[in-house]
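The structure appears below as structure tokens.
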Amino acid sequence: MKRLSKSRYTAFCQCPKNLWLKVYKPEEATIDAGMEARFAQGNVVGDLAMGLFGDFKEVTSHQEDGSLDLQKMIEQTKQYMDEGVENICEASFSCEGGYCAVDILRKTPGGWAIYEVKSTSFPEFNGQEAKLEKYAPDIAYQKWVLEQCGIHVTGTYLVCLNSGYVRHGALDVKQLFVVNDMKELVENEYLKVPTRVGQAMKVINSDQEPDVELSECCMKPYKCAFWDYCKLKHHVPTPSVFDVYGGQGRGGFTFKKKLDCYHQGLVAFEDLRTKDIGPIQNMQIEAALTGKEFVNPEGIRKFLDRLSYPLYFLDFETMQDAVPRYDGAKVYAQITFQYSLHIKQNEIDPYVHREFLAPSDGSDPRRPLAEQLCRDIPMDACTLAYNKMFERGRIRELAALYPDLAPHLLKIADHIIDLIDPFRAGDYYVPAMGGSFSIKSVLPALFPDDPELDYHNLDERCQNGGDAMTIFPRLQQMEQSLPKQGVQNQDGLLVMADSLMPLREQIRIREEIAASREALLRYCKLDTWAMVKVWQKLKEVAE
């Protein structure tokens with residue numbers, strides 16, 4: 001009989017088919033680089049949280065094949081509890097086919113308290129009250145397993161990152177985390193657990209794939225990793241209602257609205273052709289069905305009239321740490337470490353390229369980047385960015401950090417014009433955009449046969465923003481792993497006499513760092529050159 005873990009239980013709570021696919025067809029899941037990065041961040045947060053209440057014992061144990069040794073972990077947990085250890089991390093329990101590992105099990109008068117650690121920040125959702133209820137099923141299941149094992153649970157808590165914490169000096173773990181009492185929410189969920197456990201056990205011990213209709217559960221509380229698989233199983237065509245541009249704000253064509261169309265049989269673009277779902281959406285559908293391009297020269301000219309020479313095409317790359325590593329940074333702060341800048345002084349002169357890529361030595365990249373940005377872009381320059389709120393936000397953050405640079409930085413931010421505007425307004429649309437106005441969709445749609453503008457032709461180390469976001473922190477780790485003090489050998493490499501790292505490994509790491517940095521530079525440079533080409537195309541079609 002297969003075990004029901006807490007992750008499998010929460011998968012069942014979202015959708016029985018989600019659970020079944022996790023067990024029987026895990027290869028069908030779509031796991032992107034961003035999701036893998038979030039998993040890695042979660043591990044870092046979990047390790048730090050272990051010390052939240054002082055000394056602790058961890059029971060994690062692995063078998064020879066690398067898998068968890070659950071039986072040993074369960075036995076070790078019991079031993080620590082009998083010894084009166086106050087804080088037990090990954091405390092493991094099993095009953096009736098159910099298994100769970102409690103992130104932090106804390107001894108209290110009369111029993112034990114459960115602390116579930118999540119790498120989310122609190123409060124969530126742009127300062128609104130956190131929607132903690134989505135974490136209640138997980139904790140309620142843990143409480144049920146422990147009480148089935150005869151453990152008296154005296155409290156249930158959720159440990160999150162403190163979104164208000166700003167690092168100054170050494171990391172303050174006490175300030176980094178927020179502890180939320182989940183008693184009421186868990187009590188509401190607890191009564192559902194026995195029934196759900198029975199149902200979930202039937203699902204994971206059946207070789208029959210559940211037949212579940214597409215619903216809001218596909219995106220709530222999280223986007224299901226099997227979304228693409230389930231669309232195929234339900235014979236959803238490509239393109240479909242789910243590929244229609246969603247838009248922005250409350251009036252957008254939301255996932256719920258798309259589901260409503262789907263359940264009415266309005267699935268293919270042909271079905272949606274006579275339904276008024278929004279001007280941009282209708283334009284996308286008509287373009288896909290007819291191959292027609294939509295061009296509004298007057299609207300494009302109005303946009304171009306806002307621009308003046310010299311033009312500065314700007315793009316940033318950032319990394320995002322759950323745990324702030326630099327002074328003045330909050331949790332999940334966007335740390336800008338790179339930019340590319342193409343400059344066009346006038347109609348005649350050639351383009352000039354400027355760029356910045358921070359050293360990968362672990363130092364804070366923000367001040368050097370801000371200083372060079374001020375040297376490269378005049379205060380009143382006409383600067384273009386693609387989806388400007390990102391670049392503008394990062395510049396304003398830098399201005400808040402460095403008051404002496406703030407007047408210059410804020411002037412740059414105030415003069416940024418968004419190159420996405422004519423596309424988002426519907427002034428220029430071609431079928432190949434596929435309902436997306438991102439630069440990664442617009443560029444190949446406008447220049448389908450130009451290999452120099454194809455991101456797939458870049459070094460596979462860095463072909464998109466997700467790659468850039470993860471590669472730079474990895475370079476920092478690699479560089480920090482190298483010996484820092486010693487003497488130079490005949491090849492000019494710095495080697496510690498007692499270093500355990502072989503010379504060949506040092507060479508390999510340094511070569512990888514150099515190649516990865518070059519990949520980052522080429523990727524970011526293409527981003528701003530892509531903006532140049534898009535601007536040129538807008539000028540062409542506006543004539």
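Numbering starts fresh at 1 for the residues of each chain in the structure tokens, the chains themselves are lettered A, B, ... in the order given, and ligands are numbered from 1 as they appear.
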Could you build a table of the residues in segment 265-322 of chain A lying no more than 10 Å from segment 29-47 of chain A, giving for each the nearest pair of atoms and their separation in Å rounded to one decimal place, using only C-alpha atoms, ordered by chain and ascending residue number, as JSON lines?
{"residue": "A:Gln320", "atom": "CA", "partner": "A:Gln41", "partner_atom": "CA", "distance": 9.5}
{"residue": "A:Asp321", "atom": "CA", "partner": "A:Gln41", "partner_atom": "CA", "distance": 7.4}
{"residue": "A:Ala322", "atom": "CA", "partner": "A:Gln41", "partner_atom": "CA", "distance": 6.1}
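Neighbours of segment 195-204 of chain A closer than or equal to 9 Å, with only C-alpha atoms counted and sequence neighbours fewer than 6 positions away skipped, come out as Met1, Lys2, Arg3, Leu4, Arg8, Tyr9, Phe12, Cys13, Pro16, Lys17, Leu19, Trp20, Val23, Tyr24, Gly97, Gly98, Tyr141 and Pro210 of chain A.
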Residues of segment 395-507 of chain A that have any atom at most 10 Å from an atom of segment 294-312 of chain A: could you tabulate them with the shortest-distance atom pair and the distance in Å to one decimal, using only C-alpha atoms, ordered by chain and increasing number, as a tab-separated table?
residue	atom	partner	partner_atom	distance
A:Ile416	CA	A:Tyr312	CA	9.1
A:Ile417	CA	A:Leu307	CA	8.0
A:Asp418	CA	A:Phe303	CA	9.6
A:Leu419	CA	A:Phe303	CA	8.8
A:Asp421	CA	A:Phe303	CA	7.8
A:Pro422	CA	A:Ile300	CA	6.1
A:Phe423	CA	A:Ile300	CA	9.0
A:Ala425	CA	A:Gly299	CA	8.5
A:Gly426	CA	A:Phe294	CA	7.8
A:Asp427	CA	A:Asn296	CA	4.7
A:Tyr428	CA	A:Val295	CA	4.6
A:Tyr429	CA	A:Phe294	CA	5.1
A:Val430	CA	A:Phe294	CA	6.4
A:Pro431	CA	A:Phe294	CA	8.9
Kindly export the residues of the current selection with N, CA and C atoms, as a compact mmCIF listing (two decimals), in the first residue's frame.
# COMPACT_ATOMS: atom_id res chain seq x y z
N ILE A 416 11.06 57.42 -18.35
CA ILE A 416 10.97 56.13 -19.06
C ILE A 416 9.64 56.04 -19.81
N ILE A 417 9.70 55.64 -21.04
CA ILE A 417 8.51 55.40 -21.88
C ILE A 417 8.46 53.91 -22.19
N ASP A 418 7.26 53.37 -22.20
CA ASP A 418 7.08 51.92 -22.34
C ASP A 418 6.89 51.52 -23.80
N LEU A 419 7.80 50.72 -24.31
CA LEU A 419 7.75 50.28 -25.69
C LEU A 419 6.61 49.29 -25.94
N ASP A 421 3.55 49.82 -25.12
CA ASP A 421 2.28 50.56 -25.20
C ASP A 421 1.53 50.38 -26.52
N PRO A 422 2.16 50.55 -27.69
CA PRO A 422 1.39 50.42 -28.93
C PRO A 422 0.84 49.00 -29.16
N PHE A 423 1.53 48.01 -28.60
CA PHE A 423 1.04 46.63 -28.76
C PHE A 423 -0.11 46.36 -27.80
N ALA A 425 -2.10 48.50 -26.66
CA ALA A 425 -3.26 49.30 -27.08
C ALA A 425 -3.95 48.72 -28.31
N GLY A 426 -3.34 47.71 -28.92
CA GLY A 426 -3.93 47.10 -30.12
C GLY A 426 -3.59 47.83 -31.40
N ASP A 427 -2.59 48.71 -31.36
CA ASP A 427 -2.21 49.46 -32.56
C ASP A 427 -1.39 48.62 -33.53
N TYR A 428 -0.83 47.54 -33.05
CA TYR A 428 -0.04 46.68 -33.94
C TYR A 428 -0.15 45.24 -33.42
N TYR A 429 -0.74 44.39 -34.25
CA TYR A 429 -0.89 42.99 -33.85
C TYR A 429 -0.79 42.10 -35.06
N VAL A 430 0.02 41.05 -34.95
CA VAL A 430 0.12 40.04 -35.99
C VAL A 430 -0.21 38.69 -35.36
N PRO A 431 -0.77 37.76 -36.14
CA PRO A 431 -1.23 36.49 -35.58
C PRO A 431 -0.18 35.73 -34.78
Residues at most 9 Å from Leu289 of chain A, counting only C-alpha atoms, excluding those fewer than 5 positions away in the same chain, as JSON, numbers by chain? {"A": [269, 270, 273, 284, 431]}
Please list as a ChimeraX atom specification every residue within 9 Å of Tyr332 of chain A, counting only C-alpha atoms and excluding residues in the same chain fewer than 2 positions away. /A:121,163,319-324,329-330,334-335
Please identify all polymer residues within 12 Å of Ile285 of chain A, counting only C-alpha atoms, omitting same-chain residues fewer than 6 positions from it, and present them as number ranges by chain. A: 239-245, 267-279, 291-294, 429-435
Kindly give the distance, in Å, that separates atom CA of Ile348 of chain A and atom CA of Tyr386 of chain A, rounded to a single decimal.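 It comes out at 24.1 Å.
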